[in-house]
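Engineer: Dropping the structure in here first, questions after.
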Amino acid sequence: MFILFGMPIAQIMLFGFAITNEINNVKIAILDKSKDKETEKIINKISASKYFHIEQQISSENQIKAIFEKGKIKAVLLFENHFIKNLQAQKQAKVQIITDASDPNTANTITNYTNAILQNYIQENNKIKTENYQIDTQTQLYYNPELKGVFTFVPGVMTVILMLVSAMMTSISITKEKELGTMEVLLVSPLNPLQVILGKVFPYIFLSIINATVIVILGVFVFGMPVQGSVFLLAFESFLFIITALSLGILISTVAQSQQTAMMLSLMGLMLPIIILSGFIFPISSMPLPLQIISNIIPAKWFIIIIKAIMLKGAGIAIIWKETLILIGMTLFFILLSIKNYKIRLE
Amino acid sequence: MSIQVENISKSYPKTLAVSDISFEVKEGELFGLIGPDGAGKTTLFRILTTVLLADEGKATVAGLDVIQDYKEIRKNIGYMPGKFSLYQDLTITENLNFFATIFGTTLEENYDLIKEIYIQIEPFKNRRAGALSGGMKQKLALCCALIHKPKILFLDEPTTGVDPVSRKEFWEMLKRLQKKGITILVSTPYMDEAALCDRIALIQKGQILKIDSPENIVSHYNKTIYKVRTKNKHQLILDLKKYPSHYSAFAFGEHVHYIDQNIHFDPTELEKYLKEQLHSEIDIAVAKTSIEDVFMDFTMLNQ
């Protein structure tokens with residue numbers, strides 16, 4: 001009943017708020033080589049808009065790669081040397097918009113919005129001073145210069161499939177035993193709970209590993225997805241995520257009494273949040289704050305960050321250790337909760 | 001004592017399943033729990049097989065406490081739940097091997113114990129369990145429950161949904177297992193099977209009405225039962241219930257079993273009454289008391 005009536009409410013709220021391709025408070029950095037009156041005005045204008053939040057000022061191009069690898073800052077605005085001088089002397093000055101295109105949609109939107117702000121600024125300026133200045137913007141896309149959509153959906157699909165196979169199938173196969181009554185016989189046997197669960201989970205570990213490998217291979221060879229970072233790290237992180245998903249599946253099976261409940265729980269409780277809140281389709285940074293906070297408890301979010309960082313940015317463990325730790329923490333939490341919830345007896 | 005139950009109670013959120021039950025099962029005994037559906041038999045089985053916790057009371061199985069020593073108990077008992085609980089998509093052999101492995105043994109090791117049962121289903125050994133007939137499913141389940149040579153066997157309604165011939169065979173098997181020293185606790189809703197147990201407990205609405213051997217239960221019953229037959233059975237029951245000194249009347253096969261309150265009951269007077277009620281082909285005779293008669297009487301008193 002709760003699912004029947006609660007779902008439409010949850011869905012409409014989620015879709016209404018989260019599902020927008022607009023950007024909001026995107027974190028950007030400024031590299032202002034000129035530091036003059038005009039650039040200051042432009043920066044103020046940008047920072048005044050609700051679309052951008054200026055997170056930091058950097059001083060050299062060398063820092064750009066490092067801040068993109070961290071993944072927090074999505075774009076860098078670079079003002080050339082002698083900006084005001086060029087503007088006055090040549091009536092034209094250059095601004096470079098460098099975006100992190102591992103999420104092509106956001107990158108595109110950022111570029112468009114920045115352009116619009118710059119144009120708006122020039123127009124206002126020209127009207128007042130009756131001059132004919134121009135700002136020449138150059139766009140540079142990091143990681144995904146061709147803005148290929150496949151770069152987002154390969155990690156996304158991989159996450160969804162791993163969740164589906166690991167969490168949903170595990171929970172269904174365990175609850176099936178409860179439904180058929182075989183769980184009762186297994187309980188009245190010398191097998192301990194760990195053996196029963198491991199036995200149920202083992203095949204799905206293999207299945208998931210094969211699935212993950214196939215997706216990565218297809219992504220690389222069919223869609224030209226790069227693997228910039230270490231393949232071993234990628235394999236390790238994928239394995240970690242498989243374990244996370246499996247432990248979620250076990251947790252669901254300790255709560256659900258029937259296959260149907262397990263399926264509903266997996267679909268509603270796992271699939272939807274993954275698709276909507278993990279940043280797979282809709283950028284997290286432009287969601288309202290409550291949803292951004294909720295997105296933190298979704299393991300898929302962290303996994304998507306991790307594999308994008310490894311595949312597109314060539315990040316090593318030094319950069320993604322935080323996300324990895326979060327996943328490990330979540331997995332441990334789910335396993336502990338499952339052990340606590342697992343019943344050595346029937347209800 | 002093989003099984004000892006002391007004041008066990010268990011209730012579910014809305015129903016009282018078992019209420020203050022106590023009984024004992026001796027070693028090597030074939031003990032029957034007899035009662036209709038919903039009497040609390042399955043709940044009692046689950047408590048004794050350690051998969052359910054009782055609200056109150058104490059129980060030991062093979063001298064081990066069902067709560068503290070559940071792990072040890074689980075090694076020593078064979079349990080066949082009322083619902084068919086084997087893997088439907090595994091074959092007979094696969095199921096047997098699976099359960100043998102779980103209990104850390106092999107099919108060969110205890111083959112002599114299950115041999116007689118196994119040879120009956122052996123022709124179908126490569127058939128999936130889900131595709132077996134009711135009787136064969138039960139035989140397979142019994143094999144699986146016996147595979148680790150348990151000391152005590154718990155059989156929850158093993159013959160429900162099984163044809164009469166297979167039921168008879170099944171009970172013969174139980175008798176043979178009993179001779180091999182296995183204590184058996186079996187439940188059944190069929191009164192005719194009760195007579196095959198060493199001792200039985202009549203159970204209804206979570207309470208035990210009577211515990212004794214089937215013979216004693218029948219011979220200690222002091223009321224005389226008459227079997228009455230007329231052309232119209234349905235009307236007969238209604239009319240018998242209107243007879244002033246009637247105690248009980250219920251359908252029993254093609255007869256109606258009738259008990260009168262009066263010890264000096266005279267069948268000819270009843271015949272006269274029935275004639276007045278326009279019954280024809282009236283036949284009244286003293287019936288042999290059966291477990292079912294006793295059970296019906298106890299049930300009535302209990303209500």
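Ordered as shown in the structure tokens, chains take letters A, B, and onward, while each chain numbers its residues from 1 and ligands are numbered from 1 in the order shown.
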So that I can check the surroundings of Ser11 (chain B), please list as a list in words every protein, DNA and RNA residue that reaches within 12 Å of it, counting only C-alpha atoms and ignoring chain neighbours fewer than 4 positions away.

Structural biologist: Glu347 of chain A; Thr15, Leu16, Ala17, Val18, Ser19, Asp20, Gly40, Thr43, Leu44, Ile47, Leu52, Leu53, Ala54, Asp55, Glu56, Lys205 and Gly206 of chain B

Engineer: Just the residues within 9 Å of Lys301 (chain A), please, counting only C-alpha atoms, with nothing from its chain fewer than 6 positions along; format it as a compact mmCIF listing (two decimals) with all heavy atoms, in the first residue's frame.

Structural biologist:
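Output (out27.txt):
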```txt
# COMPACT_ATOMS: atom_id res chain seq x y z
N ILE A 274 19.30 5.10 -8.40
CA ILE A 274 20.52 5.04 -9.19
C ILE A 274 20.36 5.84 -10.46
O ILE A 274 21.21 6.63 -10.86
CB ILE A 274 20.86 3.58 -9.56
CG1 ILE A 274 21.36 2.85 -8.34
CG2 ILE A 274 21.93 3.54 -10.64
CD1 ILE A 274 21.59 1.41 -8.59
N LEU A 277 19.33 9.75 -9.08
CA LEU A 277 20.13 10.55 -8.14
C LEU A 277 21.63 10.29 -8.17
O LEU A 277 22.38 10.85 -7.40
CB LEU A 277 19.64 10.30 -6.71
CG LEU A 277 18.24 10.83 -6.39
CD1 LEU A 277 17.85 10.43 -4.99
CD2 LEU A 277 18.21 12.34 -6.53
N SER A 278 22.08 9.40 -9.06
CA SER A 278 23.50 9.06 -9.00
C SER A 278 24.34 9.97 -9.87
O SER A 278 25.55 9.89 -9.87
CB SER A 278 23.71 7.63 -9.45
OG SER A 278 23.40 7.55 -10.83
N GLY A 279 23.70 10.85 -10.60
CA GLY A 279 24.47 11.68 -11.51
C GLY A 279 24.68 11.01 -12.85
O GLY A 279 25.39 11.51 -13.72
N PHE A 280 24.08 9.84 -13.03
CA PHE A 280 24.19 9.11 -14.28
C PHE A 280 23.54 9.91 -15.41
O PHE A 280 24.13 10.16 -16.45
CB PHE A 280 23.53 7.73 -14.08
CG PHE A 280 23.23 6.96 -15.33
CD1 PHE A 280 23.94 7.14 -16.51
CD2 PHE A 280 22.22 6.00 -15.32
CE1 PHE A 280 23.65 6.39 -17.65
CE2 PHE A 280 21.94 5.26 -16.45
CZ PHE A 280 22.65 5.47 -17.61
N SER A 295 21.74 12.24 -2.34
CA SER A 295 22.55 11.52 -3.34
C SER A 295 23.83 10.95 -2.72
O SER A 295 24.40 9.99 -3.23
CB SER A 295 22.88 12.43 -4.51
OG SER A 295 23.91 13.33 -4.15
```

Engineer: Kindly assemble as a Markdown table a list of the chain B residues that lie within 12 Å of chain A, each paired with its nearest atom pair and their distance in Å to one decimal, using only C-alpha atoms, sorted first by chain and then by ascending residue number.

Structural biologist:
```
| residue | atom | partner | partner_atom | distance |
| --- | --- | --- | --- | --- |
| B:Ser11 | CA | A:Glu347 | CA | 11.8 |
| B:Tyr12 | CA | A:Glu347 | CA | 9.8 |
| B:Pro13 | CA | A:Glu347 | CA | 11.4 |
| B:Thr43 | CA | A:Leu346 | CA | 10.7 |
| B:Phe45 | CA | A:Val188 | CA | 11.4 |
| B:Arg46 | CA | A:Leu346 | CA | 8.5 |
| B:Ile47 | CA | A:Arg345 | CA | 9.6 |
| B:Leu48 | CA | A:Val188 | CA | 10.4 |
| B:Thr49 | CA | A:Val188 | CA | 6.6 |
| B:Thr50 | CA | A:Arg345 | CA | 7.1 |
| B:Val51 | CA | A:Arg345 | CA | 4.2 |
| B:Leu52 | CA | A:Arg345 | CA | 5.6 |
| B:Leu53 | CA | A:Arg345 | CA | 7.7 |
| B:Ala54 | CA | A:Glu347 | CA | 11.3 |
| B:Val66 | CA | A:Arg345 | CA | 11.5 |
| B:Ile67 | CA | A:Arg345 | CA | 10.5 |
| B:Asp69 | CA | A:Pro190 | CA | 11.9 |
| B:Tyr70 | CA | A:Val188 | CA | 9.0 |
| B:Lys71 | CA | A:Pro190 | CA | 6.6 |
| B:Glu72 | CA | A:Pro190 | CA | 7.9 |
| B:Ile73 | CA | A:Val188 | CA | 8.6 |
| B:Arg74 | CA | A:Val188 | CA | 5.2 |
| B:Lys75 | CA | A:Pro190 | CA | 5.4 |
| B:Asn76 | CA | A:Ser189 | CA | 8.9 |
| B:Ile77 | CA | A:Val188 | CA | 8.1 |
| B:Gly78 | CA | A:Val188 | CA | 8.1 |
| B:Tyr79 | CA | A:Val185 | CA | 7.1 |
| B:Met80 | CA | A:Val185 | CA | 7.7 |
| B:Pro81 | CA | A:Val185 | CA | 7.6 |
| B:Gly82 | CA | A:Gly181 | CA | 9.4 |
| B:Lys83 | CA | A:Gly181 | CA | 6.9 |
| B:Phe84 | CA | A:Gly181 | CA | 7.3 |
| B:Ser85 | CA | A:Thr182 | CA | 4.7 |
| B:Leu86 | CA | A:Thr182 | CA | 5.8 |
| B:Tyr87 | CA | A:Thr182 | CA | 7.0 |
| B:Gln88 | CA | A:Leu180 | CA | 8.9 |
| B:Asp89 | CA | A:Leu180 | CA | 11.5 |
| B:Asn95 | CA | A:Thr182 | CA | 11.3 |
| B:Phe98 | CA | A:Leu186 | CA | 10.8 |
| B:Phe99 | CA | A:Ser189 | CA | 8.9 |
| B:Ala100 | CA | A:Ser189 | CA | 10.5 |
| B:Thr101 | CA | A:Leu191 | CA | 10.1 |
| B:Ile102 | CA | A:Leu191 | CA | 6.6 |
| B:Phe103 | CA | A:Pro190 | CA | 6.3 |
| B:Gly104 | CA | A:Pro190 | CA | 8.6 |
| B:Thr105 | CA | A:Pro190 | CA | 11.6 |
| B:Gly130 | CA | A:Leu180 | CA | 11.3 |
| B:Ala141 | CA | A:Val185 | CA | 10.4 |
| B:Cys144 | CA | A:Val185 | CA | 10.0 |
| B:Ala145 | CA | A:Val185 | CA | 9.0 |
| B:Ile147 | CA | A:Ser189 | CA | 11.6 |
| B:His148 | CA | A:Ser189 | CA | 10.1 |
| B:Pro150 | CA | A:Ser189 | CA | 11.1 |
| B:Leu153 | CA | A:Val188 | CA | 11.9 |
| B:Phe154 | CA | A:Val188 | CA | 10.9 |
```

Engineer: Mind checking which residues fall within 10 Å of Ile284 (chain A), counting only C-alpha atoms, ignoring those fewer than 3 positions away in the same chain, and posting them as a ChimeraX atom specification?

Structural biologist: /A:18-19,23-24,26,276-281,287-289,291-293,295-296,301

Engineer: Can I get the selected residues back with all heavy atoms, as a compact mmCIF listing (two decimals), in the first residue's frame?

Structural biologist:
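Below is the file again-v4.txt, written as the result:
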```
# COMPACT_ATOMS: atom_id res chain seq x y z
N ALA A 18 14.71 16.98 -9.65
CA ALA A 18 16.04 16.51 -10.01
C ALA A 18 16.24 16.52 -11.50
O ALA A 18 17.32 16.78 -12.01
CB ALA A 18 16.24 15.12 -9.46
N ILE A 19 15.16 16.22 -12.20
CA ILE A 19 15.35 15.97 -13.60
C ILE A 19 15.25 17.24 -14.39
O ILE A 19 14.22 17.58 -14.92
CB ILE A 19 14.34 14.93 -14.03
CG1 ILE A 19 14.66 13.76 -13.16
CG2 ILE A 19 14.48 14.62 -15.49
CD1 ILE A 19 13.91 12.60 -13.46
N ILE A 23 21.54 24.09 -15.19
CA ILE A 23 22.61 24.00 -14.21
C ILE A 23 22.36 25.02 -13.12
O ILE A 23 21.67 26.01 -13.32
CB ILE A 23 24.00 24.19 -14.83
CG1 ILE A 23 24.05 25.48 -15.63
CG2 ILE A 23 24.37 23.00 -15.67
CD1 ILE A 23 25.44 25.88 -16.04
N ASN A 24 22.91 24.73 -11.98
CA ASN A 24 22.65 25.51 -10.80
C ASN A 24 23.88 25.45 -9.93
O ASN A 24 24.33 24.37 -9.61
CB ASN A 24 21.51 24.83 -10.03
CG ASN A 24 20.30 25.71 -9.97
OD1 ASN A 24 20.44 26.93 -9.89
ND2 ASN A 24 19.13 25.10 -10.03
N VAL A 26 26.97 25.67 -10.28
CA VAL A 26 28.09 24.84 -10.71
C VAL A 26 29.38 25.47 -10.19
O VAL A 26 29.57 26.69 -10.26
CB VAL A 26 28.13 24.76 -12.25
CG1 VAL A 26 29.42 24.11 -12.71
CG2 VAL A 26 26.94 24.00 -12.75
N ILE A 276 18.13 8.19 -11.12
CA ILE A 276 17.81 9.60 -10.96
C ILE A 276 18.86 10.37 -10.17
O ILE A 276 19.25 11.47 -10.53
CB ILE A 276 16.43 9.75 -10.28
CG1 ILE A 276 15.37 9.13 -11.18
CG2 ILE A 276 16.11 11.21 -10.03
CD1 ILE A 276 14.02 9.01 -10.53
N LEU A 277 19.33 9.75 -9.08
CA LEU A 277 20.13 10.55 -8.14
C LEU A 277 21.63 10.29 -8.17
O LEU A 277 22.38 10.85 -7.40
CB LEU A 277 19.64 10.30 -6.71
CG LEU A 277 18.24 10.83 -6.39
CD1 LEU A 277 17.85 10.43 -4.99
CD2 LEU A 277 18.21 12.34 -6.53
N SER A 278 22.08 9.40 -9.06
CA SER A 278 23.50 9.06 -9.00
C SER A 278 24.34 9.97 -9.87
O SER A 278 25.55 9.89 -9.87
CB SER A 278 23.71 7.63 -9.45
OG SER A 278 23.40 7.55 -10.83
N GLY A 279 23.70 10.85 -10.60
CA GLY A 279 24.47 11.68 -11.51
C GLY A 279 24.68 11.01 -12.85
O GLY A 279 25.39 11.51 -13.72
N PHE A 280 24.08 9.84 -13.03
CA PHE A 280 24.19 9.11 -14.28
C PHE A 280 23.54 9.91 -15.41
O PHE A 280 24.13 10.16 -16.45
CB PHE A 280 23.53 7.73 -14.08
CG PHE A 280 23.23 6.96 -15.33
CD1 PHE A 280 23.94 7.14 -16.51
CD2 PHE A 280 22.22 6.00 -15.32
CE1 PHE A 280 23.65 6.39 -17.65
CE2 PHE A 280 21.94 5.26 -16.45
CZ PHE A 280 22.65 5.47 -17.61
N ILE A 281 22.33 10.38 -15.18
CA ILE A 281 21.63 11.11 -16.23
C ILE A 281 21.55 12.60 -15.92
O ILE A 281 21.74 13.44 -16.79
CB ILE A 281 20.22 10.51 -16.43
CG1 ILE A 281 20.36 9.05 -16.87
CG2 ILE A 281 19.45 11.31 -17.47
CD1 ILE A 281 19.06 8.35 -17.07
N MET A 287 20.99 19.82 -8.73
CA MET A 287 19.79 19.42 -7.98
C MET A 287 19.60 20.33 -6.78
O MET A 287 20.55 20.95 -6.32
CB MET A 287 19.97 17.99 -7.45
CG MET A 287 19.88 16.95 -8.53
SD MET A 287 20.26 15.37 -7.80
CE MET A 287 20.54 14.43 -9.28
N PRO A 288 18.38 20.39 -6.26
CA PRO A 288 18.19 21.15 -5.02
C PRO A 288 18.99 20.52 -3.88
O PRO A 288 19.24 19.31 -3.91
CB PRO A 288 16.69 21.05 -4.75
CG PRO A 288 16.12 20.14 -5.76
CD PRO A 288 17.15 19.81 -6.78
N LEU A 289 19.35 21.32 -2.92
CA LEU A 289 20.25 20.87 -1.86
C LEU A 289 19.82 19.57 -1.17
O LEU A 289 20.63 18.67 -1.01
CB LEU A 289 20.45 21.99 -0.84
CG LEU A 289 21.59 21.72 0.16
CD1 LEU A 289 22.93 21.69 -0.56
CD2 LEU A 289 21.58 22.74 1.27
N LEU A 291 18.19 17.03 -2.24
CA LEU A 291 18.47 15.89 -3.10
C LEU A 291 19.97 15.66 -3.22
O LEU A 291 20.43 14.52 -3.29
CB LEU A 291 17.86 16.09 -4.48
CG LEU A 291 16.34 15.92 -4.56
CD1 LEU A 291 15.88 16.06 -6.00
CD2 LEU A 291 15.94 14.56 -4.02
N GLN A 292 20.73 16.75 -3.23
CA GLN A 292 22.19 16.59 -3.28
C GLN A 292 22.68 15.84 -2.06
O GLN A 292 23.56 15.00 -2.15
CB GLN A 292 22.86 17.96 -3.34
CG GLN A 292 22.70 18.63 -4.67
CD GLN A 292 23.64 19.80 -4.80
OE1 GLN A 292 24.71 19.83 -4.22
NE2 GLN A 292 23.23 20.79 -5.58
N ILE A 293 22.07 16.17 -0.93
CA ILE A 293 22.48 15.50 0.31
C ILE A 293 22.09 14.02 0.25
O ILE A 293 22.87 13.14 0.57
CB ILE A 293 21.85 16.19 1.53
CG1 ILE A 293 22.43 17.61 1.64
CG2 ILE A 293 22.12 15.40 2.81
CD1 ILE A 293 21.74 18.48 2.65
N SER A 295 21.74 12.24 -2.34
CA SER A 295 22.55 11.52 -3.34
C SER A 295 23.83 10.95 -2.72
O SER A 295 24.40 9.99 -3.23
CB SER A 295 22.88 12.43 -4.51
OG SER A 295 23.91 13.33 -4.15
N ASN A 296 24.25 11.52 -1.61
CA ASN A 296 25.48 11.04 -0.97
C ASN A 296 25.35 9.63 -0.42
O ASN A 296 26.34 8.93 -0.28
CB ASN A 296 25.88 11.96 0.19
CG ASN A 296 26.46 13.25 -0.34
OD1 ASN A 296 27.08 13.26 -1.40
ND2 ASN A 296 26.25 14.32 0.38
N LYS A 301 26.46 6.67 -6.85
CA LYS A 301 27.04 7.99 -7.12
C LYS A 301 28.55 7.92 -7.02
O LYS A 301 29.28 8.40 -7.89
CB LYS A 301 26.48 9.01 -6.12
CG LYS A 301 27.17 10.35 -6.22
CD LYS A 301 26.87 11.25 -5.04
CE LYS A 301 27.84 12.43 -5.06
NZ LYS A 301 27.52 13.44 -4.05
```

Engineer: Can you tell me, as JSON, numbers by chain, what residues are no more than 9 Å from region 284-289 of chain B when counting only C-alpha atoms, ignoring any on the same chain fewer than 2 positions away?

Structural biologist: {"B": [218, 219, 221, 223, 224, 225, 226, 227, 228, 229, 230, 257, 267, 268, 270, 271, 282, 291, 292, 293, 294]}

Engineer: Might you pull out every residue within 10 Å of Ser213 (chain B), with only C-alpha atoms counted and same-chain residues fewer than 2 positions away left off, and present them as a VMD selection string?

Structural biologist: chain B and resid 31 to 32 194 to 201 210 to 211 215 to 219

Engineer: My list of candidates is A:Ser247, A:Gln140, A:Gln90, A:Asn44. Which is closest to Ile110 (chain A) when distances are computed with only C-alpha atoms?

Structural biologist: A:Gln140

Engineer: Please run DSSP on the backbone and report, as a PyMOL selection string, all residues within region 44-273 of chain B that come out as strand (DSSP E or B).

Structural biologist: chain B and resi 56-61+64-65+77-80+91+128+152-156+183-188+199-204+207-212+226-229+246-252+255-260

Engineer: Excluding Phe223 (chain A) and its own-chain neighbours fewer than 3 positions away, which residues fall within 9 Å of it when counting only C-alpha atoms? Please give them as an mmCIF file with N, CA, C and O atoms, in the first residue's frame.

Structural biologist:
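Output file part_9.cif follows:
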```
data_model
loop_
_atom_site.group_PDB
_atom_site.id
_atom_site.type_symbol
_atom_site.label_atom_id
_atom_site.label_comp_id
_atom_site.auth_asym_id
_atom_site.auth_seq_id
_atom_site.Cartn_x
_atom_site.Cartn_y
_atom_site.Cartn_z
ATOM 1 N N VAL A 150 28.435 8.674 -24.983
ATOM 2 C CA VAL A 150 28.745 7.316 -24.550
ATOM 3 C C VAL A 150 29.650 7.325 -23.317
ATOM 4 O O VAL A 150 29.627 6.421 -22.514
ATOM 5 N N PHE A 151 30.430 8.418 -23.157
ATOM 6 C CA PHE A 151 31.336 8.489 -22.016
ATOM 7 C C PHE A 151 30.589 8.559 -20.696
ATOM 8 O O PHE A 151 31.113 8.224 -19.652
ATOM 9 N N VAL A 154 28.300 4.693 -20.560
ATOM 10 C CA VAL A 154 28.979 3.428 -20.254
ATOM 11 C C VAL A 154 29.149 3.240 -18.737
ATOM 12 O O VAL A 154 28.710 2.239 -18.190
ATOM 13 N N LEU A 218 33.206 -3.677 -24.359
ATOM 14 C CA LEU A 218 32.354 -3.074 -25.387
ATOM 15 C C LEU A 218 32.556 -1.565 -25.442
ATOM 16 O O LEU A 218 32.669 -0.973 -26.515
ATOM 17 N N GLY A 219 32.614 -0.947 -24.262
ATOM 18 C CA GLY A 219 32.794 0.498 -24.197
ATOM 19 C C GLY A 219 34.078 0.921 -24.882
ATOM 20 O O GLY A 219 34.107 1.880 -25.651
ATOM 21 N N VAL A 220 35.129 0.157 -24.621
ATOM 22 C CA VAL A 220 36.432 0.529 -25.175
ATOM 23 C C VAL A 220 36.492 0.251 -26.677
ATOM 24 O O VAL A 220 36.851 1.122 -27.470
#
```

Engineer: Nearest residue to Ile294 (chain A) out of A:Ala212, A:Pro273, A:Asn112, A:Ala75, using only C-alpha atoms?

Structural biologist: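 Looking at the shortest contact to Ile294 (chain A), the residue is A:Pro273.
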
Engineer: Which is closer to Leu174 (chain B) than all the others in B:Thr159, B:Gln204, B:Thr93, B:Ser9, using only C-alpha atoms?

Structural biologist: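 That would be B:Thr159, the residue with the smallest distance to Leu174 (chain B).
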
Engineer: Once DSSP has gone over the backbone, tell me which residues of region 27-164 of chain B are in helix (DSSP H, G or I), as a VMD selection string.

Structural biologist: chain B and resid 41 to 48 70 to 76 92 to 102 111 to 124 129 to 131 134 to 146 164

Engineer: Extract, using only C-alpha atoms, all DNA, RNA and protein residues at most 6 Å from region 231-241 of chain B, discarding same-chain residues fewer than 2 positions from it, and format them as number ranges by chain.

Structural biologist: B: 243, 280-281

Engineer: Could you take the residues named above and write them with all heavy atoms, as a PDB file, in the first residue's frame?

Structural biologist:
```pdb
ATOM      1  N   TYR B 243     -33.837 -34.515  18.501  1.00  0.00           N
ATOM      2  CA  TYR B 243     -34.306 -35.545  19.436  1.00  0.00           C
ATOM      3  C   TYR B 243     -33.981 -35.103  20.864  1.00  0.00           C
ATOM      4  O   TYR B 243     -32.829 -34.730  21.157  1.00  0.00           O
ATOM      5  CB  TYR B 243     -33.606 -36.868  19.085  1.00  0.00           C
ATOM      6  CG  TYR B 243     -34.202 -38.068  19.776  1.00  0.00           C
ATOM      7  CD1 TYR B 243     -35.530 -38.441  19.516  1.00  0.00           C
ATOM      8  CD2 TYR B 243     -33.448 -38.833  20.657  1.00  0.00           C
ATOM      9  CE1 TYR B 243     -36.080 -39.538  20.141  1.00  0.00           C
ATOM     10  CE2 TYR B 243     -33.985 -39.933  21.281  1.00  0.00           C
ATOM     11  CZ  TYR B 243     -35.312 -40.281  21.027  1.00  0.00           C
ATOM     12  OH  TYR B 243     -35.848 -41.374  21.647  1.00  0.00           O
ATOM     13  N   SER B 280     -37.442 -43.331   6.073  1.00  0.00           N
ATOM     14  CA  SER B 280     -37.657 -44.715   5.650  1.00  0.00           C
ATOM     15  C   SER B 280     -36.326 -45.452   5.632  1.00  0.00           C
ATOM     16  O   SER B 280     -35.252 -44.827   5.712  1.00  0.00           O
ATOM     17  CB  SER B 280     -38.289 -44.732   4.252  1.00  0.00           C
ATOM     18  OG  SER B 280     -37.461 -44.044   3.359  1.00  0.00           O
ATOM     19  N   GLU B 281     -36.397 -46.768   5.517  1.00  0.00           N
ATOM     20  CA  GLU B 281     -35.208 -47.643   5.511  1.00  0.00           C
ATOM     21  C   GLU B 281     -34.321 -47.362   6.719  1.00  0.00           C
ATOM     22  O   GLU B 281     -33.113 -47.202   6.603  1.00  0.00           O
ATOM     23  CB  GLU B 281     -34.403 -47.457   4.218  1.00  0.00           C
ATOM     24  CG  GLU B 281     -35.168 -47.886   2.971  1.00  0.00           C
ATOM     25  CD  GLU B 281     -34.437 -47.477   1.703  1.00  0.00           C
ATOM     26  OE1 GLU B 281     -33.193 -47.487   1.701  1.00  0.00           O
ATOM     27  OE2 GLU B 281     -35.115 -47.121   0.729  1.00  0.00           O
TER      28      GLU B 281
END
```

Engineer: What does the distance between CA of Val157 (chain A) and CA of Ile97 (chain A) come to in Å, to one decimal place?

Structural biologist: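 Pair CA of Val157 (chain A) / CA of Ile97 (chain A) returns 29.5 Å.
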
Engineer: Could you check which of A:Leu248, A:Ser266, A:Tyr51, A:Lys72 is closest to Leu336 (chain A), using only C-alpha atoms?

Structural biologist: A:Leu248

Engineer: Which one of A:Gln92, A:Leu194, A:Phe282, A:His53 sits closest to Gly156 (chain A) if you count only C-alpha atoms?

Structural biologist: A:Phe282

Engineer: My list of candidates is B:Ile152, B:Val165, B:Leu96, B:Leu209. Which is closest to Gly135 (chain B) when distances are computed with only C-alpha atoms?

Structural biologist: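 Distance minimum relative to Gly135 (chain B) lands on B:Val165.
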